[in-house]
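Student: Below is input.txt; it holds compact mmCIF, C-alpha atoms and all ligand atoms.
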```txt
# COMPACT_ATOMS: atom_id res chain seq x y z
CA MET V 25 97.74 100.72 93.46
CA GLN V 26 94.66 102.31 95.03
CA MET V 27 93.14 105.10 92.96
CA THR V 28 91.84 108.15 94.82
CA TRP V 29 90.47 111.58 93.99
CA ARG V 30 90.97 114.90 95.76
CA TRP V 31 87.69 116.24 97.11
CA TYR V 32 87.40 119.71 98.65
CA GLY V 33 84.37 118.92 100.79
CA GLU V 34 80.62 119.35 100.93
CA GLY V 35 79.59 122.75 99.57
CA ASN V 36 83.20 123.53 98.65
CA ASP V 37 83.57 121.46 95.47
CA ASP V 38 81.34 121.29 92.40
CA ILE V 39 82.50 117.71 91.94
CA THR V 40 80.51 115.72 94.47
CA LEU V 41 81.14 112.34 96.08
CA ASP V 42 78.41 110.95 93.82
CA HIS V 43 80.37 112.13 90.78
CA ILE V 44 83.58 110.69 92.18
CA LYS V 45 81.98 107.28 92.72
CA GLN V 46 81.22 107.04 89.01
CA ILE V 47 84.85 107.27 87.94
CA PRO V 48 85.98 103.67 87.38
CA GLY V 49 88.48 102.39 89.90
CA VAL V 50 88.34 105.29 92.36
CA MET V 51 88.15 103.88 95.90
CA GLY V 52 88.89 106.88 98.08
CA ALA V 53 88.36 110.62 98.52
CA VAL V 54 91.45 112.59 99.51
CA TRP V 55 90.26 115.24 101.92
CA SER V 56 91.12 117.91 104.44
CA LEU V 57 89.41 120.54 106.56
CA HIS V 58 89.98 123.24 104.01
CA ASP V 59 88.91 126.14 106.20
CA LYS V 60 91.69 125.43 108.70
CA VAL V 61 94.85 127.51 108.52
CA ALA V 62 98.16 125.95 109.54
CA GLY V 63 98.45 125.53 113.29
CA GLU V 64 94.72 125.47 114.05
CA VAL V 65 93.14 122.70 116.12
CA TRP V 66 91.08 120.15 114.13
CA GLU V 67 88.01 119.30 116.20
CA MET V 68 87.06 115.62 116.45
CA ASP V 69 83.44 116.20 115.46
CA ARG V 70 84.45 117.99 112.25
CA ILE V 71 86.88 115.18 111.37
CA GLN V 72 84.24 112.55 112.10
CA GLU V 73 81.65 114.40 110.01
CA VAL V 74 83.76 114.44 106.84
CA ALA V 75 85.01 110.87 107.29
CA ASP V 76 81.38 109.73 107.71
CA GLN V 77 80.27 111.57 104.58
CA ILE V 78 82.97 109.82 102.58
CA LYS V 79 82.31 106.39 104.09
CA ALA V 80 78.55 106.75 103.53
CA LYS V 81 79.25 106.77 99.79
CA GLY V 82 81.33 103.61 100.01
CA LEU V 83 84.61 105.49 99.60
CA SER V 84 87.66 105.41 101.83
CA PRO V 85 88.85 108.47 103.82
CA ALA V 86 92.35 106.97 104.25
CA VAL V 87 94.28 109.89 102.79
CA VAL V 88 94.33 113.46 104.08
CA GLU V 89 95.95 116.18 101.99
CA SER V 90 97.07 118.34 103.74
CA VAL V 91 97.58 119.01 107.37
CA ASN V 92 99.60 122.15 106.79
CA VAL V 93 102.68 122.86 108.88
CA HIS V 94 102.81 126.25 110.62
CA ASP V 95 105.55 128.63 109.44
CA ASP V 96 106.92 128.85 113.01
CA ILE V 97 107.87 125.15 112.75
CA LYS V 98 109.61 125.73 109.42
CA ILE V 99 111.36 128.84 110.73
CA GLY V 100 112.30 127.11 114.01
CA ARG V 101 110.80 129.68 116.37
CA ASP V 102 110.35 129.01 120.11
CA THR V 103 106.62 128.74 119.56
CA ARG V 104 107.10 125.66 117.38
CA ASP V 105 106.59 123.13 120.17
CA ALA V 106 103.04 124.25 120.80
CA TYR V 107 102.27 123.99 117.10
CA ILE V 108 103.82 120.53 116.96
CA ASP V 109 101.62 119.50 119.92
CA THR V 110 98.59 120.60 117.92
CA TYR V 111 99.85 118.68 114.89
CA ILE V 112 100.23 115.54 117.01
CA ASP V 113 96.72 116.01 118.35
CA THR V 114 95.45 116.08 114.74
CA ILE V 115 97.41 112.93 113.82
CA ARG V 116 95.85 111.07 116.75
CA LYS V 117 92.34 112.22 115.87
CA LEU V 118 92.73 111.35 112.18
CA SER V 119 93.89 107.88 113.06
CA LYS V 120 90.60 107.28 114.90
CA VAL V 121 88.56 107.64 111.68
CA GLY V 122 90.80 105.37 109.58
CA VAL V 123 93.29 107.83 108.11
CA LYS V 124 96.43 105.97 107.00
CA VAL V 125 98.38 108.65 105.13
CA ILE V 126 98.90 112.38 105.72
CA CYS V 127 100.34 114.35 102.81
CA TYR V 128 102.07 117.61 103.83
CA ASN V 129 104.78 119.91 102.59
CA PHE V 130 107.67 121.84 104.04
CA MET V 131 107.83 124.68 101.50
CA PRO V 132 108.44 128.12 103.01
CA ILE V 133 105.59 130.63 102.53
CA PHE V 134 104.35 129.38 99.14
CA ASP V 135 102.98 125.99 98.20
CA TRP V 136 102.93 125.26 94.42
CA THR V 137 103.58 128.36 92.29
CA ARG V 138 102.41 129.29 88.77
CA THR V 139 102.26 132.54 86.79
CA ASP V 140 99.05 131.78 84.90
CA LEU V 141 96.20 129.59 86.10
CA TYR V 142 94.38 129.45 82.76
CA LYS V 143 96.97 129.50 79.99
CA GLN V 144 95.23 129.01 76.67
CA THR V 145 96.53 126.12 74.56
CA GLU V 146 96.16 125.41 70.84
CA ASP V 147 93.29 122.95 71.23
CA GLY V 148 91.18 125.48 73.15
CA SER V 149 91.73 123.98 76.59
CA ASN V 150 93.67 125.86 79.24
CA ALA V 151 95.98 124.83 82.05
CA LEU V 152 98.30 125.93 84.84
CA PHE V 153 101.46 127.52 83.44
CA TYR V 154 104.80 128.69 84.82
CA GLN V 155 106.76 131.40 83.03
CA LYS V 156 110.26 131.32 84.42
CA ASP V 157 111.44 134.85 83.56
CA LEU V 158 108.19 136.31 84.88
CA VAL V 159 108.79 134.80 88.32
CA GLU V 160 112.30 136.21 88.21
CA GLY V 161 110.88 139.63 87.23
CA LEU V 162 107.87 139.89 89.55
CA THR V 163 107.79 140.52 93.27
CA ALA V 164 106.40 137.87 95.59
CA GLN V 165 103.41 140.13 96.25
CA GLU V 166 102.68 140.37 92.53
CA ILE V 167 102.64 136.57 92.26
CA VAL V 168 100.29 136.34 95.24
CA ASP V 169 97.97 138.90 93.64
CA ARG V 170 97.94 136.98 90.34
CA ILE V 171 97.11 133.67 92.01
CA LEU V 172 94.43 135.03 94.31
CA LYS V 173 92.82 136.95 91.46
CA GLY V 174 92.84 133.80 89.28
CA ALA V 175 91.29 131.73 92.08
CA GLY V 176 88.32 134.12 92.39
CA ASP V 177 86.02 133.04 95.21
CA LYS V 178 87.52 129.53 95.47
CA THR V 179 89.74 128.72 98.46
CA MET V 180 93.17 127.51 97.36
CA PRO V 181 95.16 125.34 99.77
CA GLY V 182 98.58 126.84 100.34
CA TRP V 183 97.38 130.27 99.22
CA GLU V 184 95.39 131.40 102.24
CA PRO V 185 94.77 135.17 101.97
CA GLU V 186 94.89 135.53 105.81
CA ARG V 187 98.42 134.15 105.93
CA LEU V 188 99.66 135.88 102.80
CA ALA V 189 98.41 139.24 104.05
CA LYS V 190 101.54 139.23 106.21
CA LEU V 191 103.91 138.56 103.33
CA GLU V 192 106.60 141.08 104.29
CA GLU V 193 106.70 139.84 107.86
CA LEU V 194 106.97 136.26 106.65
CA PHE V 195 109.85 137.05 104.31
CA GLU V 196 111.61 138.88 107.14
CA ALA V 197 111.18 135.84 109.40
CA TYR V 198 112.67 133.50 106.78
CA LYS V 199 115.66 135.79 106.16
CA HIS V 200 118.06 133.58 108.12
CA VAL V 201 116.52 130.24 107.19
CA THR V 202 119.02 128.59 104.87
CA GLU V 203 118.58 125.16 103.25
CA GLU V 204 120.55 123.63 106.14
CA LYS V 205 118.44 125.41 108.76
CA LEU V 206 115.18 124.39 107.08
CA THR V 207 116.41 120.78 106.93
CA GLU V 208 117.29 120.90 110.65
CA ASN V 209 113.83 122.26 111.42
CA LEU V 210 112.23 119.47 109.42
CA LYS V 211 114.30 116.96 111.39
CA TYR V 212 113.14 118.50 114.67
CA PHE V 213 109.51 118.26 113.51
CA LEU V 214 109.89 114.65 112.32
CA GLU V 215 111.69 113.52 115.46
CA ARG V 216 108.72 114.65 117.48
CA ILE V 217 105.88 113.41 115.28
CA ILE V 218 107.17 110.11 113.83
CA PRO V 219 107.05 108.13 117.12
CA ILE V 220 103.38 109.11 117.40
CA CYS V 221 102.77 108.13 113.77
CA GLU V 222 104.31 104.73 114.48
CA GLU V 223 102.02 104.32 117.45
CA GLU V 224 98.92 105.47 115.56
CA GLU V 225 99.92 103.76 112.30
CA VAL V 226 99.64 106.92 110.25
CA LEU V 227 102.17 107.34 107.43
CA MET V 228 103.59 110.81 106.80
CA ALA V 229 104.15 111.63 103.12
CA ILE V 230 106.06 114.81 102.37
CA HIS V 231 105.20 116.51 99.08
CA PRO V 232 108.04 117.72 96.84
CA ASP V 233 108.61 121.39 96.11
CA ASP V 234 106.73 122.76 93.14
CA PRO V 235 108.49 124.01 91.06
CA PRO V 236 111.59 122.02 92.02
CA TRP V 237 113.89 124.99 92.54
CA PRO V 238 114.17 127.89 95.01
CA ILE V 239 111.93 130.88 94.30
CA PHE V 240 112.20 134.44 95.68
CA GLY V 241 115.35 133.45 97.54
CA LEU V 242 113.45 130.97 99.74
CA PRO V 243 115.09 127.60 100.36
CA ARG V 244 113.50 124.44 98.92
CA ILE V 245 114.66 121.08 100.27
CA VAL V 246 112.52 118.41 98.56
CA ARG V 247 113.33 118.82 94.89
CA SER V 248 115.76 116.13 93.65
CA ARG V 249 116.82 112.57 94.33
CA ASP V 250 119.56 113.71 96.72
CA HIS V 251 117.25 116.05 98.63
CA ILE V 252 114.63 113.33 99.03
CA ARG V 253 117.20 110.79 100.19
CA LYS V 254 118.35 113.27 102.82
CA VAL V 255 114.80 113.88 104.05
CA LEU V 256 114.05 110.15 104.33
CA ASP V 257 117.30 109.65 106.25
CA LEU V 258 116.51 112.44 108.75
CA VAL V 259 114.40 109.93 110.62
CA ASP V 260 114.84 106.44 109.25
CA SER V 261 111.35 105.10 109.77
CA HIS V 262 108.84 103.67 107.32
CA TYR V 263 106.45 106.30 108.69
CA ASN V 264 108.66 109.12 107.42
CA GLY V 265 107.70 108.79 103.77
CA LEU V 266 107.00 110.54 100.54
CA THR V 267 104.26 111.80 98.26
CA LEU V 268 106.00 111.33 94.95
CA CYS V 269 104.57 114.01 92.67
CA THR V 270 105.70 113.55 89.06
CA GLY V 271 104.38 116.96 88.07
CA SER V 272 106.32 118.79 90.78
CA LEU V 273 109.62 117.04 90.12
CA GLY V 274 109.05 116.95 86.34
CA PRO V 275 109.93 120.56 85.40
CA ASN V 276 113.58 119.81 86.24
CA LEU V 277 114.48 117.51 83.36
CA ASP V 278 117.47 116.19 85.33
CA ASN V 279 115.08 114.45 87.72
CA ASP V 280 114.90 110.77 86.74
CA ILE V 281 111.43 110.09 88.14
CA PRO V 282 111.06 106.37 87.31
CA GLY V 283 114.53 105.94 88.87
CA MET V 284 113.34 107.68 92.06
CA ILE V 285 110.25 105.46 92.23
CA ARG V 286 112.46 102.38 92.00
CA GLU V 287 114.90 103.76 94.57
CA PHE V 288 112.46 105.05 97.20
CA GLY V 289 110.14 102.05 96.82
CA ASP V 290 108.07 101.41 99.91
CA ARG V 291 108.81 104.82 101.41
CA ILE V 292 106.39 106.22 98.79
CA HIS V 293 102.98 106.23 100.45
CA PHE V 294 101.13 108.44 98.00
CA ALA V 295 101.67 108.88 94.27
CA HIS V 296 100.61 112.05 92.46
CA ILE V 297 100.75 111.22 88.77
CA ARG V 298 100.52 113.94 86.12
CA ASN V 299 102.47 115.30 83.18
CA VAL V 300 104.18 118.61 82.34
CA LYS V 301 105.48 119.96 79.06
CA VAL V 302 108.74 121.81 79.54
CA MET V 303 109.78 124.44 76.96
CA ASP V 304 113.36 125.15 75.86
CA ASN V 305 113.43 128.34 77.97
CA GLY V 306 112.41 126.49 81.15
CA ASP V 307 108.73 127.53 81.13
CA PHE V 308 106.31 124.66 81.66
CA ILE V 309 102.63 123.90 81.24
CA GLU V 310 100.56 121.11 82.77
CA SER V 311 99.67 118.79 79.90
CA SER V 312 97.36 115.80 79.58
CA HIS V 313 98.52 112.61 81.29
CA ARG V 314 99.41 110.94 78.00
CA ALA V 315 103.16 110.22 77.91
CA SER V 316 103.60 111.71 74.44
CA ASP V 317 101.97 115.01 75.46
CA GLY V 318 104.63 116.00 78.00
CA ASN V 319 108.11 115.35 79.33
CA VAL V 320 107.19 112.88 82.06
CA ASP V 321 107.05 109.34 80.70
CA ILE V 322 103.90 108.31 82.52
CA VAL V 323 104.08 104.78 81.08
CA GLU V 324 107.53 104.32 82.64
CA VAL V 325 106.29 105.89 85.88
CA VAL V 326 103.40 103.45 86.19
CA LYS V 327 105.67 100.57 85.16
CA ALA V 328 108.15 101.50 87.90
CA TYR V 329 105.33 101.39 90.47
CA HIS V 330 104.07 98.12 89.06
CA ASP V 331 107.51 96.50 89.06
CA GLY V 332 107.90 97.48 92.72
CA GLY V 333 104.51 95.99 93.66
CA PHE V 334 103.20 99.40 94.73
CA ASP V 335 100.15 99.03 96.94
CA GLY V 336 99.85 102.65 98.07
CA TYR V 337 97.44 105.41 97.16
CA VAL V 338 97.56 107.32 93.91
CA ARG V 339 95.69 110.24 92.44
CA PRO V 340 95.70 111.78 88.96
CA ASP V 341 96.61 115.05 90.64
CA HIS V 342 95.92 118.00 88.33
CA GLY V 343 94.33 118.23 84.92
CA ARG V 344 93.78 120.81 82.22
CA HIS V 345 90.45 122.68 82.17
CA LEU V 346 88.28 121.35 79.36
CA TRP V 347 85.03 122.25 77.64
CA GLY V 348 84.57 125.49 79.56
CA GLU V 349 84.72 123.95 83.04
CA GLU V 350 87.14 126.62 84.31
CA GLU V 351 84.08 128.76 85.05
CA ASN V 352 83.30 126.47 87.98
CA CYS V 353 86.29 124.41 88.99
CA ARG V 354 89.35 125.09 91.09
CA PRO V 355 92.49 125.75 89.05
CA GLY V 356 93.96 122.36 88.13
CA TYR V 357 91.05 120.48 89.65
CA GLY V 358 88.46 120.12 86.90
CA LEU V 359 86.56 116.90 86.34
CA TYR V 360 87.28 115.79 82.79
CA ASP V 361 91.03 115.74 82.38
CA ARG V 362 91.59 114.26 85.82
CA ALA V 363 89.04 111.52 85.11
CA MET V 364 90.76 110.73 81.81
CA GLY V 365 94.09 110.78 83.64
CA ALA V 366 92.83 108.26 86.20
CA MET V 367 91.70 106.00 83.37
CA TYR V 368 95.00 106.37 81.52
CA ILE V 369 96.93 105.37 84.65
CA LEU V 370 94.60 102.44 85.35
CA GLY V 371 94.78 101.41 81.69
CA ILE V 372 98.54 101.12 81.89
CA TRP V 373 98.33 99.34 85.23
CA ASP V 374 95.71 96.85 84.06
CA THR V 375 97.74 96.05 80.96
CA LEU V 376 100.81 95.39 83.08
CA GLU V 377 98.76 93.09 85.27
CA ARG V 378 98.05 90.81 82.31
CA LYS V 379 100.45 88.00 81.60
CA TYR V 380 100.51 87.82 77.81
C1 LIG Z 1 98.74 120.88 94.53
C2 LIG Z 1 99.00 119.95 95.62
C3 LIG Z 1 99.79 120.60 96.73
C4 LIG Z 1 99.85 119.68 97.94
C5 LIG Z 1 100.60 120.26 99.10
C6 LIG Z 1 100.74 119.24 100.19
O1 LIG Z 1 97.79 120.75 93.83
O2 LIG Z 1 99.57 118.79 95.18
O3 LIG Z 1 99.21 121.81 97.05
O4 LIG Z 1 98.54 119.43 98.35
O5 LIG Z 1 101.84 120.71 98.74
O6 LIG Z 1 100.93 119.90 101.38
```
Can you dump the structure from the file as structure tokens?

Tutor:
Amino acid sequence: MQMTWRWYGEGNDDITLDHIKQIPGVMGAVWSLHDKVAGEVWEMDRIQEVADQIKAKGLSPAVVESVNVHDDIKIGRDTRDAYIDTYIDTIRKLSKVGVKVICYNFMPIFDWTRTDLYKQTEDGSNALFYQKDLVEGLTAQEIVDRILKGAGDKTMPGWEPERLAKLEELFEAYKHVTEEKLTENLKYFLERIIPICEEEEVLMAIHPDDPPWPIFGLPRIVRSRDHIRKVLDLVDSHYNGLTLCTGSLGPNLDNDIPGMIREFGDRIHFAHIRNVKVMDNGDFIESSHRASDGNVDIVEVVKAYHDGGFDGYVRPDHGRHLWGEEENCRPGYGLYDRAMGAMYILGIWDTLERKY
């Protein structure tokens, strides 16, 4: 297991590479060109610049999260081929600087969705929260407004104001995109990119839908064991793989996550490990990583990876906001809880490594 940390880039993250280096066990910075909207060309000099910054600190730039997929590819418009060409161009360039894994998603319009970015908890910390009936009661525009307001001046991947300004148009375009259609469009995309990934030795790792159910009538196709199996079978190549995110799959208590880790095995190229506490009414809050604090049994999760000899990349994913850090950090991406999460995961791993 190779521990990494998501870094938003020079001048775009209060947590610097120097901070990241001090977290025990972290060997890589998970990065992206965060100013790029889906479909834009990634210039080689920009890619090289970030990879060099990371390498200069002795960290690995092997994981990119995300190269976002343009909506025209998901919708299956005629313009998709040109966007796929651009995507392929980015894969080839990333390979040149040592990128091994690209995390991406195939969620229509919205990436992860929450109703409250700073839900107060009893111990005084706050965290990302999802209120089920509120999502059912609000319009998509109201959710967008809530998230963008909560993010303040911080850019939020998946919630680009430029793209979301055309919300009505986007919903109109997705009107005829059923689950089947979206799956076909993913297949089309994968059939074109995976041969290049094989050539360039870059593993694709699709991120599950968060939350793991359809919202606002939009289809979601990466949300259960059966969905994931289907996606991996669309193109049966090692390079068509998975980012297994315990916190995205976790809010559906029917998802047996350790079971999925054992089943999907070496098709998991990137592990996002975090916990969620699910309420009786289906609401959920992001909790600390400790198994007893939420519904995802993180000990069993790490054990499943260990039993399978997992050698891929992992990150502690999100954390709660502690000790007032929400003033400065991106929602879900504070320093303290993620650092403790990384240590909790490594603590379990190191214990399993011992032969008592
Ligand atoms: C949330 C992240 C996701 C993820 C994308 C991948 O914090 O895990 O936004 O980066 O879905 O494309």

Student: Each residue of stretch 154-216 of chain V lying at most 7 Å from stretch 287-311 of chain V should get a row with its shortest atom-to-atom pair and the distance in Å to one decimal, counting only C-alpha atoms; could you produce that, ordered by chain and increasing number, as a Markdown table?

Tutor:
```
| residue | atom | partner | partner_atom | distance |
| --- | --- | --- | --- | --- |
| V:Tyr154 | CA | V:Phe308 | CA | 5.3 |
| V:Gln155 | CA | V:Asp307 | CA | 4.7 |
| V:Lys156 | CA | V:Asp307 | CA | 5.2 |
```

Student: Please report as JSON lines every residue of stretch 55-147 of chain V lying within 10 Å of stretch 28-37 of chain V, along with the nearest atom pair and their distance in Å (one decimal), using only C-alpha atoms.

Tutor:
```
{"residue": "V:Trp55", "atom": "CA", "partner": "V:Trp31", "partner_atom": "CA", "distance": 5.5}
{"residue": "V:Ser56", "atom": "CA", "partner": "V:Tyr32", "partner_atom": "CA", "distance": 7.1}
{"residue": "V:Leu57", "atom": "CA", "partner": "V:Gly33", "partner_atom": "CA", "distance": 7.8}
{"residue": "V:His58", "atom": "CA", "partner": "V:Tyr32", "partner_atom": "CA", "distance": 6.9}
{"residue": "V:Asp59", "atom": "CA", "partner": "V:Asn36", "partner_atom": "CA", "distance": 9.8}
{"residue": "V:Val74", "atom": "CA", "partner": "V:Gly33", "partner_atom": "CA", "distance": 7.6}
{"residue": "V:Gln77", "atom": "CA", "partner": "V:Glu34", "partner_atom": "CA", "distance": 8.6}
{"residue": "V:Ile78", "atom": "CA", "partner": "V:Gly33", "partner_atom": "CA", "distance": 9.4}
{"residue": "V:Leu83", "atom": "CA", "partner": "V:Thr28", "partner_atom": "CA", "distance": 9.1}
{"residue": "V:Ser84", "atom": "CA", "partner": "V:Thr28", "partner_atom": "CA", "distance": 8.6}
{"residue": "V:Pro85", "atom": "CA", "partner": "V:Thr28", "partner_atom": "CA", "distance": 9.5}
{"residue": "V:Ala86", "atom": "CA", "partner": "V:Thr28", "partner_atom": "CA", "distance": 9.5}
{"residue": "V:Val87", "atom": "CA", "partner": "V:Thr28", "partner_atom": "CA", "distance": 8.5}
{"residue": "V:Val88", "atom": "CA", "partner": "V:Arg30", "partner_atom": "CA", "distance": 9.1}
{"residue": "V:Glu89", "atom": "CA", "partner": "V:Arg30", "partner_atom": "CA", "distance": 8.1}
```

Student: Output C-alpha atoms for every residue in that selection, as a PDB file, in the frame of the given file.

Tutor:
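As written to disk, selection-v7.pdb reads:
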```pdb
ATOM      1  CA  TRP V  55      90.260 115.240 101.920  1.00  0.00           C
ATOM      2  CA  SER V  56      91.120 117.910 104.440  1.00  0.00           C
ATOM      3  CA  LEU V  57      89.410 120.540 106.560  1.00  0.00           C
ATOM      4  CA  HIS V  58      89.980 123.240 104.010  1.00  0.00           C
ATOM      5  CA  ASP V  59      88.910 126.140 106.200  1.00  0.00           C
ATOM      6  CA  VAL V  74      83.760 114.440 106.840  1.00  0.00           C
ATOM      7  CA  GLN V  77      80.270 111.570 104.580  1.00  0.00           C
ATOM      8  CA  ILE V  78      82.970 109.820 102.580  1.00  0.00           C
ATOM      9  CA  LEU V  83      84.610 105.490  99.600  1.00  0.00           C
ATOM     10  CA  SER V  84      87.660 105.410 101.830  1.00  0.00           C
ATOM     11  CA  PRO V  85      88.850 108.470 103.820  1.00  0.00           C
ATOM     12  CA  ALA V  86      92.350 106.970 104.250  1.00  0.00           C
ATOM     13  CA  VAL V  87      94.280 109.890 102.790  1.00  0.00           C
ATOM     14  CA  VAL V  88      94.330 113.460 104.080  1.00  0.00           C
ATOM     15  CA  GLU V  89      95.950 116.180 101.990  1.00  0.00           C
TER      16      GLU V  89
END
```

Student: Find the spatial neighbours of V:Gln72, counting all atoms listed in the file, within a cut-off of 12 Å - ignore same-chain residues fewer than 6 positions away - and output them as a list in words.

Tutor: Ser56, Leu57, Trp66, Ile78, Lys79, Ala80, Pro85, Lys117, Leu118, Ser119, Lys120, Val121, Gly122 and Val123 of chain V

Student: State, in Å with one decimal place, the distance from atom CA of V:Asp331 to atom CA of V:Asn319.

Tutor: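 Between these atoms lies a distance of 21.2 Å.
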
Student: Nearest to V:Val91: which of V:Gly318, V:Gly174, V:His231, V:Ala189 is it, counting all atoms listed in the file?

Tutor: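 Selected residue with least distance to V:Val91: V:His231.
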
Student: Which one of V:Val259, V:Val226, V:Ala315, V:Val320 sits closest to V:Leu277 if you count only C-alpha atoms?

Tutor: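 Nearest to V:Leu277: V:Val320.
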
Student: Distance atom C2 of ligand LIG 1 (chain Z)-atom CA of V:Asn276, one decimal place?

Tutor: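 These two atoms are separated by 17.3 Å.
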
Student: When you look at V:Ile99 with a cut-off of 9 Å (counting all atoms listed in the file), what residues show up, excluding the ones that are within fewer than 6 positions of it in the same chain? I need them as a ChimeraX atom specification.

Tutor: /V:132,197-198,200-201,205-206,209

Student: Residues up to 9 Å from ligand LIG 1 (chain Z), counting all atoms listed in the file: could you list those as a ChimeraX atom specification?

Tutor: /V:89-93,126-131,135-136,180-183,229-234,267,269,271-272,296,341-342,355-357

Student: List the neighbours of V:Met27 out to 8 Å using all atoms listed in the file; skip same-chain residues closer than 2 positions along the sequence, and give me the result as a list of chain:residue names.

Tutor: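 In the requested form, the answer reads V:Met25, V:Trp29, V:Gly49, V:Val50, V:Met51, V:Gly52, V:Tyr337, V:Val338, V:Arg339, V:Ala366.
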
Student: Can you tell me, as an NGL selection string, what residues are no more than 10 Å from stretch 218-221 of chain V when counting only C-alpha atoms, ignoring any on the same chain fewer than 5 positions away?

Tutor: :V and (112-113 or 115-116 or 119 or 124-126 or 213 or 226-228 or 259-264)

Student: Take the residues just selected and output them with C-alpha atoms as a PDB file, in the frame of the given file.

Tutor:
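Produced file again-v1.pdb, reproduced below:
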```pdb
ATOM      1  CA  ILE V 112     100.230 115.540 117.010  1.00  0.00           C
ATOM      2  CA  ASP V 113      96.720 116.010 118.350  1.00  0.00           C
ATOM      3  CA  ILE V 115      97.410 112.930 113.820  1.00  0.00           C
ATOM      4  CA  ARG V 116      95.850 111.070 116.750  1.00  0.00           C
ATOM      5  CA  SER V 119      93.890 107.880 113.060  1.00  0.00           C
ATOM      6  CA  LYS V 124      96.430 105.970 107.000  1.00  0.00           C
ATOM      7  CA  VAL V 125      98.380 108.650 105.130  1.00  0.00           C
ATOM      8  CA  ILE V 126      98.900 112.380 105.720  1.00  0.00           C
ATOM      9  CA  PHE V 213     109.510 118.260 113.510  1.00  0.00           C
ATOM     10  CA  VAL V 226      99.640 106.920 110.250  1.00  0.00           C
ATOM     11  CA  LEU V 227     102.170 107.340 107.430  1.00  0.00           C
ATOM     12  CA  MET V 228     103.590 110.810 106.800  1.00  0.00           C
ATOM     13  CA  VAL V 259     114.400 109.930 110.620  1.00  0.00           C
ATOM     14  CA  ASP V 260     114.840 106.440 109.250  1.00  0.00           C
ATOM     15  CA  SER V 261     111.350 105.100 109.770  1.00  0.00           C
ATOM     16  CA  HIS V 262     108.840 103.670 107.320  1.00  0.00           C
ATOM     17  CA  TYR V 263     106.450 106.300 108.690  1.00  0.00           C
ATOM     18  CA  ASN V 264     108.660 109.120 107.420  1.00  0.00           C
TER      19      ASN V 264
END
```

Student: Please report the interatomic distance between atom CA of V:Asp95 and atom CA of V:Lys178 in Å with one decimal.

Tutor: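 Between atom CA of V:Asp95 and atom CA of V:Lys178 the gap works out to 22.8 Å.
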
Student: Nearest residue to V:Lys45 out of V:Asp102, V:Ala363, V:Ser312, V:Ile167, using only C-alpha atoms?

Tutor: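 Smallest distance to V:Lys45 is found for V:Ala363.
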